[in-house]
file entry.cif (mmCIF, C-alpha atoms)
data_input
loop_
_atom_site.label_atom_id
_atom_site.label_comp_id
_atom_site.auth_asym_id
_atom_site.auth_seq_id
_atom_site.Cartn_x
_atom_site.Cartn_y
_atom_site.Cartn_z
CA MET A 1044 21.79 77.59 7.03
CA ASP A 1045 19.36 79.06 9.59
CA LEU A 1046 17.65 77.01 12.24
CA LYS A 1047 14.40 76.81 10.32
CA HIS A 1048 16.05 75.26 7.27
CA LYS A 1049 18.07 72.82 9.43
CA ILE A 1050 14.87 71.56 11.09
CA LEU A 1051 13.13 71.22 7.71
CA SER A 1052 16.08 69.26 6.23
CA PHE A 1053 16.14 66.94 9.27
CA LEU A 1054 12.41 66.24 8.93
CA ILE A 1055 12.77 65.43 5.21
CA LEU A 1056 15.67 63.01 5.88
CA PHE A 1057 13.75 61.38 8.75
CA LEU A 1058 10.72 60.81 6.58
CA LEU A 1059 12.80 59.37 3.71
CA PHE A 1060 14.66 56.89 5.93
CA GLY A 1061 11.43 55.97 7.67
CA ILE A 1062 9.67 55.20 4.40
CA CYS A 1063 12.61 53.09 3.14
CA GLY A 1064 12.75 51.23 6.42
CA CYS A 1065 9.03 50.53 6.31
CA LYS A 1066 9.24 49.27 2.75
CA GLU A 1067 12.19 47.04 3.62
CA SER A 1068 10.37 45.72 6.68
CA GLU A 1069 7.19 45.18 4.67
CA GLN A 1070 9.09 43.35 1.93
CA SER A 1071 10.83 41.22 4.53
CA ARG A 1072 7.49 40.33 6.14
CA SER A 1073 5.96 39.62 2.74
CA GLY A 1074 8.83 37.27 1.87
CA ALA A 1075 8.49 35.48 5.21
CA ASP A 1076 4.72 35.17 4.78
CA SER A 1077 5.21 33.74 1.26
CA GLU A 1078 7.73 31.25 2.59
CA MET A 1079 5.32 30.16 5.34
CA LEU A 1080 2.51 29.82 2.82
CA LEU A 1081 4.71 27.75 0.54
CA ARG A 1082 5.66 25.42 3.36
CA ALA A 1083 2.04 25.07 4.43
CA ASP A 1084 0.76 24.44 0.90
CA SER A 1085 3.13 21.50 0.49
CA ASN A 1086 1.22 19.71 3.28
CA VAL A 1087 -2.27 21.09 2.71
CA LEU A 1088 -4.96 20.43 0.11
CA ASN A 1089 -7.32 23.32 -0.62
CA ASP A 1090 -10.70 22.14 -1.91
CA LEU A 1091 -11.68 24.81 -4.45
CA ARG A 1092 -15.34 23.75 -4.35
CA ASP A 1093 -16.00 25.11 -0.88
CA GLY A 1094 -12.68 26.60 0.25
CA GLN A 1095 -12.02 24.01 2.96
CA SER A 1096 -8.47 22.87 3.65
CA TYR A 1097 -7.19 19.40 4.58
CA ARG A 1098 -3.86 18.21 5.89
CA ILE A 1099 -2.23 15.62 3.63
CA THR A 1100 0.43 13.00 4.32
CA LYS A 1101 2.66 10.84 2.13
CA ILE A 1102 2.90 7.19 3.22
CA GLY A 1103 5.10 5.03 1.04
CA ASN A 1104 4.33 6.03 -2.56
CA GLN A 1105 0.77 7.11 -1.72
CA VAL A 1106 -0.49 10.59 -0.81
CA TRP A 1107 -3.55 10.64 1.48
CA MET A 1108 -5.81 13.20 3.04
CA ALA A 1109 -4.95 13.23 6.74
CA GLU A 1110 -8.54 14.17 7.64
CA ASN A 1111 -11.96 12.81 6.71
CA LEU A 1112 -13.76 14.64 3.92
CA ARG A 1113 -16.18 17.42 4.95
CA TYR A 1114 -17.60 18.45 1.57
CA GLU A 1115 -21.41 18.69 1.78
CA SER A 1116 -23.47 16.58 -0.64
CA SER A 1117 -27.17 15.75 -0.89
CA GLU A 1118 -26.75 12.51 1.04
CA SER A 1119 -24.23 13.33 3.73
CA TRP A 1120 -24.64 14.07 7.41
CA CYS A 1121 -22.86 15.33 10.49
CA LEU A 1122 -22.73 12.78 13.32
CA GLU A 1123 -25.79 13.30 15.55
CA ASN A 1124 -26.71 16.18 13.16
CA LYS A 1125 -24.26 18.49 14.96
CA ASN A 1126 -22.12 20.84 12.88
CA VAL A 1127 -19.32 20.61 15.41
CA ASN A 1128 -19.02 16.90 14.59
CA CYS A 1129 -18.59 17.66 10.90
CA LYS A 1130 -15.64 19.87 11.78
CA LYS A 1131 -14.18 17.19 14.03
CA TYR A 1132 -14.93 13.95 12.16
CA GLY A 1133 -15.88 14.99 8.64
CA ARG A 1134 -19.21 14.09 7.08
CA LEU A 1135 -20.86 10.65 6.75
CA TYR A 1136 -21.79 9.72 3.16
CA LYS A 1137 -24.02 7.25 1.37
CA HIS A 1138 -21.94 5.16 -1.02
CA ALA A 1139 -23.45 6.66 -4.18
CA ASP A 1140 -22.20 10.09 -3.12
CA ALA A 1141 -18.91 8.76 -1.76
CA MET A 1142 -17.91 7.31 -5.15
CA ASN A 1143 -17.61 10.76 -6.76
CA ILE A 1144 -17.20 13.11 -3.81
CA CYS A 1145 -13.42 13.56 -3.68
CA PRO A 1146 -11.99 16.79 -5.14
CA ASP A 1147 -10.41 16.96 -8.57
CA GLY A 1148 -7.15 14.99 -8.71
CA TRP A 1149 -8.21 12.74 -5.83
CA HIS A 1150 -10.43 9.65 -5.62
CA LEU A 1151 -12.13 7.18 -3.29
CA PRO A 1152 -9.54 4.46 -2.53
CA SER A 1153 -9.98 0.86 -3.59
CA SER A 1154 -9.49 -1.97 -1.09
CA GLU A 1155 -6.20 -2.71 -2.88
CA GLU A 1156 -4.98 0.83 -2.20
CA TYR A 1157 -5.88 0.45 1.46
CA GLY A 1158 -4.07 -2.89 1.32
CA VAL A 1159 -0.89 -1.20 0.15
CA LEU A 1160 -1.28 1.35 2.97
CA PHE A 1161 -1.54 -1.38 5.61
CA GLY A 1162 1.40 -3.16 4.03
CA VAL A 1163 3.55 -0.06 4.57
CA VAL A 1164 2.47 0.78 8.13
CA GLY A 1165 2.12 -2.76 9.51
CA ASP A 1166 0.15 -2.21 12.72
CA HIS A 1167 -3.16 -0.40 12.06
CA ARG A 1168 -2.71 1.56 15.29
CA SER A 1169 0.01 3.55 13.52
CA LEU A 1170 -2.86 5.21 11.61
CA LEU A 1171 -5.08 6.02 14.61
CA SER A 1172 -5.13 9.44 16.25
CA LYS A 1173 -3.55 9.65 19.68
CA ASN A 1174 -6.69 11.15 21.23
CA GLY A 1175 -10.45 10.89 20.75
CA TRP A 1176 -10.88 7.14 21.25
CA ASP A 1177 -12.84 6.06 24.33
CA MET A 1178 -10.26 3.57 25.62
CA TYR A 1179 -6.95 4.17 23.87
CA GLY A 1180 -5.92 5.44 20.49
CA GLY A 1181 -2.86 4.88 18.35
CA ASN A 1182 0.53 6.50 17.98
CA ASP A 1183 -0.38 8.34 14.72
CA ALA A 1184 3.12 7.53 13.47
CA TYR A 1185 2.26 8.51 9.88
CA ASN A 1186 0.09 11.60 10.64
CA PHE A 1187 -2.95 9.81 9.21
CA SER A 1188 -4.92 10.82 12.36
CA LEU A 1189 -7.88 8.46 12.00
CA LEU A 1190 -10.65 9.37 14.45
CA PRO A 1191 -13.57 7.20 15.73
CA ALA A 1192 -16.25 8.96 13.68
CA GLY A 1193 -18.97 6.30 14.05
CA ILE A 1194 -21.63 5.71 11.38
CA LYS A 1195 -25.18 6.66 10.42
CA LYS A 1196 -27.52 3.66 10.25
CA ASN A 1197 -29.66 3.12 7.17
CA HIS A 1198 -32.93 3.64 9.08
CA GLY A 1199 -31.71 6.68 10.99
CA GLY A 1200 -29.76 7.04 14.18
CA TYR A 1201 -26.05 7.10 14.82
CA LEU A 1202 -23.64 4.80 16.63
CA GLY A 1203 -19.98 4.19 17.31
CA GLU A 1204 -18.64 7.64 18.19
CA GLY A 1205 -15.45 7.16 20.18
CA THR A 1206 -15.22 3.43 19.49
CA LEU A 1207 -15.14 2.78 15.73
CA THR A 1208 -14.96 4.16 12.24
CA LYS A 1209 -15.98 2.73 8.87
CA LEU A 1210 -14.56 3.94 5.58
CA TRP A 1211 -15.97 3.45 2.10
CA THR A 1212 -13.87 1.93 -0.67
CA SER A 1213 -14.55 1.86 -4.39
CA SER A 1214 -14.23 -1.94 -4.50
CA TYR A 1215 -17.18 -4.23 -5.11
CA TYR A 1216 -18.14 -7.72 -3.89
CA LYS A 1217 -19.57 -9.37 -7.01
CA ARG A 1218 -20.87 -12.30 -5.01
CA ASN A 1219 -22.88 -10.16 -2.58
CA LYS A 1220 -23.51 -7.26 -4.96
CA ASP A 1221 -22.25 -4.88 -2.31
CA TYR A 1222 -19.37 -2.48 -1.73
CA VAL A 1223 -16.36 -3.18 0.45
CA ARG A 1224 -16.04 -1.26 3.71
CA LEU A 1225 -13.09 -0.94 6.05
CA TYR A 1226 -14.11 -1.40 9.69
CA ILE A 1227 -11.64 -0.15 12.31
CA THR A 1228 -11.63 -0.12 16.11
CA ASN A 1229 -8.71 0.51 18.44
CA ASP A 1230 -8.33 -3.29 18.78
CA GLY A 1231 -8.28 -4.28 15.11
CA TRP A 1232 -9.71 -3.97 11.63
CA GLU A 1233 -11.48 -6.06 8.99
CA TRP A 1234 -13.11 -5.85 5.58
CA GLN A 1235 -16.90 -5.84 5.66
CA GLY A 1236 -19.57 -6.59 3.10
CA THR A 1237 -23.24 -7.53 3.08
CA SER A 1238 -22.79 -10.49 5.36
CA LYS A 1239 -21.17 -8.33 8.04
CA LEU A 1240 -23.42 -5.26 7.90
CA ASN A 1241 -26.89 -5.93 6.46
CA LEU A 1242 -28.60 -6.59 3.14
CA ASN A 1243 -28.60 -2.89 2.31
CA GLY A 1244 -25.10 -2.00 3.42
CA LYS A 1245 -24.77 0.69 0.78
CA ASP A 1246 -27.55 2.63 2.51
CA TYR A 1247 -25.41 3.25 5.58
CA ALA A 1248 -23.50 6.55 5.78
CA LEU A 1249 -19.79 6.19 6.45
CA SER A 1250 -16.64 8.30 6.41
CA VAL A 1251 -14.50 9.04 3.35
CA ARG A 1252 -10.74 9.40 3.02
CA CYS A 1253 -9.46 10.50 -0.39
CA ILE A 1254 -6.20 9.41 -2.02
CA LYS A 1255 -4.30 11.38 -4.64
CA ASP A 1256 -4.51 10.23 -8.26
CA VAL A 1257 -1.30 8.79 -9.72
CA LEU A 1258 -0.58 10.74 -12.89
CA LEU A 1259 1.40 9.37 -15.81
CA ASP A 1260 4.38 11.60 -15.12
CA SER A 1261 4.30 10.45 -11.49
CA GLN A 1262 4.36 6.83 -12.65
CA GLU A 1263 7.36 7.61 -14.81
CA ASN A 1264 9.11 9.16 -11.83
CA VAL A 1265 8.34 6.08 -9.76
CA GLN A 1266 9.87 3.92 -12.48
CA LYS A 1267 13.02 6.05 -12.39
CA GLU A 1268 13.28 5.49 -8.64
CA ILE A 1269 13.18 1.70 -8.91
CA GLN A 1270 16.42 0.32 -7.52
CA ILE A 1271 18.48 -2.46 -9.02
CA VAL A 1272 21.32 -4.67 -7.90
CA LYS A 1273 24.04 -5.93 -10.23
CA ASP A 1274 25.43 -9.43 -9.86
CA SER A 1275 29.18 -8.96 -10.27
CA ARG A 1276 29.61 -12.61 -11.20
CA ASP A 1277 27.85 -12.42 -14.57
CA GLY A 1278 26.79 -8.77 -14.91
CA LYS A 1279 23.03 -9.47 -14.73
CA THR A 1280 20.86 -6.89 -12.96
CA TYR A 1281 17.77 -7.42 -10.81
CA ARG A 1282 15.09 -5.06 -9.59
CA ILE A 1283 14.87 -4.90 -5.80
CA VAL A 1284 12.02 -3.88 -3.51
CA LYS A 1285 11.66 -3.15 0.20
CA ILE A 1286 8.76 -4.94 1.91
CA GLY A 1287 8.50 -4.23 5.62
CA ASN A 1288 12.06 -4.33 6.93
CA GLN A 1289 13.24 -6.77 4.26
CA ILE A 1290 14.87 -5.96 0.91
CA TRP A 1291 14.04 -8.57 -1.76
CA MET A 1292 15.03 -9.20 -5.32
CA ALA A 1293 11.88 -8.45 -7.33
CA GLU A 1294 12.88 -10.98 -10.00
CA ASN A 1295 13.83 -14.66 -9.90
CA LEU A 1296 17.54 -15.39 -9.87
CA ASN A 1297 19.08 -16.31 -13.23
CA TYR A 1298 22.64 -17.19 -12.22
CA GLU A 1299 23.87 -20.42 -13.79
CA VAL A 1300 25.33 -23.02 -11.45
CA GLU A 1301 25.47 -26.79 -11.60
CA GLU A 1302 22.01 -28.34 -11.07
CA SER A 1303 20.15 -25.27 -12.32
CA PHE A 1304 17.82 -25.41 -15.32
CA CYS A 1305 15.79 -23.37 -17.78
CA TYR A 1306 12.16 -24.53 -17.99
CA GLU A 1307 11.95 -27.07 -20.82
CA ASP A 1308 15.65 -26.30 -21.49
CA LYS A 1309 14.68 -23.10 -23.31
CA LYS A 1310 16.88 -20.04 -22.74
CA ASP A 1311 13.89 -17.72 -23.23
CA ASN A 1312 12.28 -19.22 -20.14
CA CYS A 1313 15.38 -18.43 -18.10
CA GLU A 1314 15.25 -14.84 -19.30
CA LYS A 1315 11.59 -14.53 -18.31
CA PHE A 1316 11.28 -16.75 -15.22
CA GLY A 1317 14.83 -17.18 -13.96
CA ARG A 1318 16.44 -20.57 -13.42
CA LEU A 1319 15.13 -23.57 -11.47
CA TYR A 1320 17.55 -24.85 -8.81
CA SER A 1321 17.99 -28.01 -6.81
CA TRP A 1322 18.00 -27.31 -3.08
CA ASP A 1323 21.78 -27.80 -2.84
CA ALA A 1324 22.38 -25.52 -5.83
CA ALA A 1325 20.06 -22.86 -4.42
CA MET A 1326 22.00 -22.66 -1.16
CA LYS A 1327 25.05 -21.25 -2.99
CA ALA A 1328 23.34 -19.31 -5.77
CA CYS A 1329 22.77 -15.83 -4.30
CA PRO A 1330 25.37 -13.10 -4.87
CA GLU A 1331 27.54 -11.58 -2.15
CA ASN A 1332 25.59 -9.69 0.56
CA TRP A 1333 22.42 -11.60 -0.34
CA HIS A 1334 21.11 -14.95 0.87
CA ILE A 1335 18.41 -17.58 0.44
CA PRO A 1336 15.54 -16.58 2.79
CA SER A 1337 14.81 -18.70 5.83
CA ARG A 1338 11.39 -20.10 6.57
CA LEU A 1339 10.90 -17.32 9.13
CA GLU A 1340 11.75 -14.65 6.57
CA PHE A 1341 9.13 -16.08 4.22
CA ASN A 1342 6.64 -16.13 7.12
CA ASP A 1343 7.35 -12.43 7.73
CA LEU A 1344 6.83 -11.70 4.04
CA ILE A 1345 3.44 -13.46 4.03
CA ARG A 1346 2.37 -11.72 7.26
CA ILE A 1347 3.07 -8.30 5.76
CA ALA A 1348 1.34 -9.23 2.48
CA GLU A 1349 -1.79 -10.43 4.31
CA ILE A 1350 -2.16 -7.17 6.25
CA GLY A 1351 -3.74 -5.64 3.17
CA ARG A 1352 -6.71 -7.99 2.62
CA GLY A 1353 -6.58 -10.42 5.48
CA VAL A 1354 -5.59 -14.05 6.04
CA ASN A 1355 -5.31 -16.24 2.92
CA SER A 1356 -4.68 -13.31 0.57
CA GLY A 1357 -0.87 -13.25 0.74
CA GLY A 1358 -0.39 -14.99 -2.60
CA ALA A 1359 -2.66 -12.55 -4.40
CA MET A 1360 -0.75 -9.60 -2.97
CA LEU A 1361 2.64 -11.04 -4.04
CA LYS A 1362 1.82 -12.41 -7.49
CA SER A 1363 2.41 -10.53 -10.73
CA GLN A 1364 -0.55 -8.90 -12.45
CA GLN A 1365 0.00 -10.89 -15.66
CA GLY A 1366 1.05 -14.35 -16.75
CA TRP A 1367 -1.11 -16.58 -14.53
CA ILE A 1368 -3.79 -18.85 -15.97
CA ASP A 1369 -7.44 -18.70 -14.87
CA ASN A 1370 -8.34 -19.99 -11.45
CA LYS A 1371 -11.29 -22.35 -11.88
CA GLY A 1372 -12.21 -22.28 -8.22
CA GLY A 1373 -12.67 -18.51 -7.86
CA PHE A 1374 -9.98 -16.12 -6.77
CA TRP A 1375 -11.39 -14.69 -3.57
CA GLU A 1376 -14.50 -12.99 -2.25
CA ASP A 1377 -15.32 -11.04 -5.41
CA ASP A 1378 -15.28 -14.20 -7.59
CA GLN A 1379 -12.55 -12.88 -9.84
CA ARG A 1380 -11.62 -15.79 -12.09
CA SER A 1381 -8.17 -14.76 -13.23
CA GLY A 1382 -5.23 -16.29 -11.41
CA ASN A 1383 -3.27 -13.06 -11.75
CA GLY A 1384 -2.31 -11.21 -8.58
CA LEU A 1385 -2.41 -7.63 -7.37
CA ASP A 1386 1.37 -7.27 -7.01
CA ALA A 1387 0.68 -4.77 -4.23
CA PHE A 1388 4.28 -4.66 -3.02
CA GLY A 1389 6.24 -5.03 -6.26
CA PHE A 1390 7.35 -8.62 -5.50
CA SER A 1391 6.02 -9.65 -8.94
CA ALA A 1392 6.03 -13.43 -8.48
CA LEU A 1393 5.73 -15.16 -11.86
CA PRO A 1394 4.37 -18.69 -12.43
CA ALA A 1395 7.71 -20.31 -13.29
CA GLY A 1396 6.62 -23.89 -12.54
CA TYR A 1397 9.19 -26.49 -11.44
CA ILE A 1398 11.28 -29.46 -12.54
CA GLN A 1399 11.11 -33.00 -11.13
CA LEU A 1400 14.81 -33.78 -10.99
CA PHE A 1401 14.74 -37.59 -11.17
CA GLU A 1402 12.31 -37.62 -14.10
CA GLU A 1403 13.78 -34.47 -15.66
CA GLU A 1404 10.22 -33.39 -16.40
CA TYR A 1405 8.82 -29.86 -16.13
CA TYR A 1406 5.44 -28.97 -14.62
CA LYS A 1407 2.95 -26.15 -14.05
CA LYS A 1408 4.42 -23.14 -15.83
CA GLY A 1409 1.64 -20.53 -15.75
CA GLU A 1410 0.05 -22.20 -12.71
CA SER A 1411 2.48 -22.07 -9.81
CA ALA A 1412 5.59 -20.51 -8.31
CA HIS A 1413 7.89 -22.20 -5.79
CA PHE A 1414 10.78 -20.56 -3.92
CA TRP A 1415 13.35 -22.45 -1.86
CA SER A 1416 14.10 -21.41 1.70
CA SER A 1417 17.30 -22.23 3.57
CA SER A 1418 15.40 -24.04 6.34
CA GLU A 1419 14.98 -27.79 6.73
CA ASN A 1420 12.85 -29.97 8.98
CA SER A 1421 13.89 -33.07 10.96
CA TRP A 1422 13.22 -35.31 7.94
CA ASP A 1423 15.79 -33.38 5.87
CA GLU A 1424 13.03 -31.80 3.80
CA GLY A 1425 13.56 -28.28 2.54
CA TYR A 1426 10.90 -25.65 3.22
CA PHE A 1427 9.63 -23.56 0.32
CA LEU A 1428 7.07 -20.86 -0.44
CA GLU A 1429 4.36 -21.92 -2.88
CA LEU A 1430 1.97 -19.66 -4.79
CA GLY A 1431 -0.79 -21.05 -7.02
CA THR A 1432 -3.63 -19.60 -9.06
CA GLY A 1433 -5.64 -18.95 -5.88
CA ALA A 1434 -5.11 -16.16 -3.38
CA LYS A 1435 -3.31 -18.03 -0.60
CA ALA A 1436 0.43 -18.32 0.06
CA TYR A 1437 1.73 -21.61 1.49
CA ILE A 1438 4.85 -22.70 3.33
CA LYS A 1439 5.49 -26.37 2.55
CA ALA A 1440 8.31 -28.91 2.86
CA SER A 1441 9.50 -31.43 0.32
CA LYS A 1442 11.98 -34.20 -0.23
CA GLU A 1443 14.65 -32.42 -2.19
CA ILE A 1444 13.85 -33.91 -5.58
CA TYR A 1445 12.56 -30.74 -7.20
CA GLY A 1446 14.04 -27.73 -8.91
CA PHE A 1447 12.41 -24.50 -7.71
CA SER A 1448 12.93 -20.78 -8.25
CA VAL A 1449 15.14 -18.62 -6.05
CA ARG A 1450 14.47 -15.18 -4.62
CA CYS A 1451 17.37 -13.66 -2.71
CA VAL A 1452 16.94 -11.36 0.31
CA LYS A 1453 19.53 -8.82 1.42
CA ASP A 1454 21.76 -9.68 4.39
#

call {"tool": "encode", "arguments": {"input": "entry.cif", "output": "structure tokens"}}
result
Amino acid sequence: MDLKHKILSFLILFLLFGICGCKESEQSRSGADSEMLLRADSNVLNDLRDGQSYRITKIGNQVWMAENLRYESSESWCLENKNVNCKKYGRLYKHADAMNICPDGWHLPSSEEYGVLFGVVGDHRSLLSKNGWDMYGGNDAYNFSLLPAGIKKNHGGYLGEGTLTKLWTSSYYKRNKDYVRLYITNDGWEWQGTSKLNLNGKDYALSVRCIKDVLLDSQENVQKEIQIVKDSRDGKTYRIVKIGNQIWMAENLNYEVEESFCYEDKKDNCEKFGRLYSWDAAMKACPENWHIPSRLEFNDLIRIAEIGRGVNSGGAMLKSQQGWIDNKGGFWEDDQRSGNGLDAFGFSALPAGYIQLFEEEYYKKGESAHFWSSSENSWDEGYFLELGTGAKAYIKASKEIYGFSVRCVKD
């Protein structure tokens, strides 16, 4: 082969290997880019209406936007009318727009949904961004990244940048005919209504965080994830639930020991409500690795439950959503008359009533729930948790002449 043909053959081989190498490199880059996009999409929501993207975060069983909404509507504004503030803080919305402004598959949270969020995180500062607050921010432990976006007043003007944020909810105060707002500073938070803002609170413009809809298949998956514990003594099983750092049985104990009773001596009531125990019987009723909660453990449970809607709401957050009779005095601020609870944490307290041991008489099924603690006072009275048809949870003490329900907590 002459020199000319050798050079031509070399050039052809060079070009062929070069093209193959390029294709391989391009395919490799394409695969890497796809992988990066896939990873990003799992933590990003793309709003198809305007092409904007939002970080998202899962907290407990909820999925939240990790940024305030920026979608433009007819009654929404940038803080101080500056576009840069819309990019930083999101837009401020009148309530009428806020109710239907979230993208498809997402919605404006109710106060109960915010309550569940606070129940999971405990300290509200875990939701605050690390930077942007005038004095000090939070630790942003859950990547919620809440910024002090301020508000737009109903007669014009803006206030609160750097010091506060207010978020719309979909919940309604029937008494005041106004919508519930969540007011947050770096020092604390509270629910607000007409009495705390003004007579036309809905005319203010506030921030919006959207929460992902729970679809039926998601609910089924949640049900599959519910954990149970089996009592090796009799083979009965009980749902369990984690609330804060505690793991509780989510059903009343139904293990038969001496001095334990079915309400009105009916087995069906034991199946539904569990057994009623004397204090002495309760102290030895829980299975291995579980125990009767102390007074302090009940106090911790109430504290976590009340994070969601404030003091005096712990009972409502712990009670089951069905089975309670009407509350004649009004449930709480929205004048809901049903005694049923929100069951925000899956504790599902049922109104099992109690037995007066000396009289052997049963009382208040449908109206109250009582749970023994292991703690006693100096008068040899046993402490117990009491829930009624109202919203409050009580810690009381009694001479040990009653039979109450038992909830076990994990060692």

call {"tool": "resolve_selection", "arguments": {"input": "entry.cif", "expression": "the PyMOL selection byres ((chain A and resi 1421-1437) around 8)", "output": "count of residues only"}}
result
41

call {"tool": "resolve_selection", "arguments": {"input": "entry.cif", "expression": "the PyMOL selection byres ((chain A and resi 1130) around 12)", "output": "ChimeraX atom specification"}}
result
/A:1095-1097,1110-1115,1120-1122,1124-1129,1131-1135,1190,1192

call {"tool": "atom_distance", "arguments": {"input": "entry.cif", "atom1": "atom CA of A:Leu1319", "atom2": "atom CA of A:Cys1305"}}
result
6.3 Å

call {"tool": "resolve_selection", "arguments": {"input": "entry.cif", "expression": "the PyMOL selection byres ((chain A and resi 1389) around 12)", "output": "ChimeraX atom specification"}}
result
/A:1104,1159,1162,1265-1266,1269-1270,1282-1286,1290-1294,1348,1359-1364,1384-1388,1390-1393

call {"tool": "residues_around", "arguments": {"input": "entry.cif", "residues": "A:Gln1105", "least_positions_apart": "5", "cutoff": "8 Å", "atoms": "only C-alpha atoms", "output": "PyMOL selection string"}}
result
chain A and resi 1160+1254-1255

call {"tool": "closest_residue", "arguments": {"input": "entry.cif", "among": "A:Cys1145, A:Cys1313, A:Ile1227, A:Ile1194", "to": "A:Gly1396", "atoms": "all atoms listed in the file"}}
result
A:Cys1313

call {"tool": "atom_distance", "arguments": {"input": "entry.cif", "atom1": "atom CA of A:Lys1453", "atom2": "atom CA of A:Asp1308"}}
result
29.1 Å

call {"tool": "axis_aligned_box", "arguments": {"input": "entry.cif", "around": "stretch 1087-1090 of chain A", "padding_each_side": "5 Å", "output": "lines of an AutoDock Vina configuration file"}}
result
center_x = -6.5
center_y = 21.9
center_z = 0.4
size_x = 18.4
size_y = 12.9
size_z = 14.6

call {"tool": "decode", "arguments": {"input": "entry.cif", "residues": "stretch 1359-1371 of chain A", "atoms": "N, CA, C and O atoms", "output": "JSON list (two decimals), in the first residue's frame"}}
result
[["chain", "number", "residue", "atom", "x", "y", "z"],
["A", 1359, "ALA", "N", -59.50, 17.69, 71.65],
["A", 1359, "ALA", "CA", -60.03, 17.64, 70.29],
["A", 1359, "ALA", "C", -59.04, 17.00, 69.33],
["A", 1359, "ALA", "O", -59.43, 16.27, 68.41],
["A", 1360, "MET", "N", -57.76, 17.23, 69.54],
["A", 1360, "MET", "CA", -56.74, 16.68, 68.65],
["A", 1360, "MET", "C", -56.53, 15.18, 68.88],
["A", 1360, "MET", "O", -56.08, 14.47, 67.98],
["A", 1361, "LEU", "N", -56.89, 14.69, 70.08],
["A", 1361, "LEU", "CA", -56.66, 13.28, 70.42],
["A", 1361, "LEU", "C", -57.89, 12.40, 70.25],
["A", 1361, "LEU", "O", -57.78, 11.18, 70.11],
["A", 1362, "LYS", "N", -59.07, 13.00, 70.25],
["A", 1362, "LYS", "CA", -60.30, 12.21, 70.19],
["A", 1362, "LYS", "C", -60.58, 11.67, 68.79],
["A", 1362, "LYS", "O", -60.19, 12.27, 67.78],
["A", 1363, "SER", "N", -61.28, 10.54, 68.75],
["A", 1363, "SER", "CA", -61.69, 9.95, 67.48],
["A", 1363, "SER", "C", -62.67, 10.87, 66.75],
["A", 1363, "SER", "O", -63.33, 11.72, 67.36],
["A", 1364, "GLN", "N", -62.77, 10.67, 65.45],
["A", 1364, "GLN", "CA", -63.64, 11.52, 64.63],
["A", 1364, "GLN", "C", -65.10, 11.06, 64.66],
["A", 1364, "GLN", "O", -65.97, 11.74, 64.12],
["A", 1365, "GLN", "N", -65.37, 9.95, 65.29],
["A", 1365, "GLN", "CA", -66.74, 9.43, 65.38],
["A", 1365, "GLN", "C", -66.99, 8.83, 66.76],
["A", 1365, "GLN", "O", -66.04, 8.43, 67.45],
["A", 1366, "GLY", "N", -68.27, 8.78, 67.15],
["A", 1366, "GLY", "CA", -68.64, 8.08, 68.36],
["A", 1366, "GLY", "C", -68.98, 8.94, 69.55],
["A", 1366, "GLY", "O", -69.55, 8.46, 70.53],
["A", 1367, "TRP", "N", -68.66, 10.24, 69.49],
["A", 1367, "TRP", "CA", -68.91, 11.15, 70.60],
["A", 1367, "TRP", "C", -70.26, 11.85, 70.42],
["A", 1367, "TRP", "O", -70.62, 12.22, 69.30],
["A", 1368, "ILE", "N", -70.98, 12.05, 71.51],
["A", 1368, "ILE", "CA", -72.26, 12.75, 71.43],
["A", 1368, "ILE", "C", -72.03, 14.24, 71.28],
["A", 1368, "ILE", "O", -70.92, 14.75, 71.45],
["A", 1369, "ASP", "N", -73.12, 14.98, 70.96],
["A", 1369, "ASP", "CA", -73.01, 16.42, 70.76],
["A", 1369, "ASP", "C", -72.56, 17.12, 72.03],
["A", 1369, "ASP", "O", -72.86, 16.70, 73.15],
["A", 1370, "ASN", "N", -71.83, 18.21, 71.82],
["A", 1370, "ASN", "CA", -71.36, 19.02, 72.93],
["A", 1370, "ASN", "C", -72.25, 20.25, 73.02],
["A", 1370, "ASN", "O", -72.20, 21.15, 72.19],
["A", 1371, "LYS", "N", -73.09, 20.32, 74.03],
["A", 1371, "LYS", "CA", -74.09, 21.39, 74.12],
["A", 1371, "LYS", "C", -73.46, 22.76, 74.33],
["A", 1371, "LYS", "O", -74.06, 23.78, 74.01]]
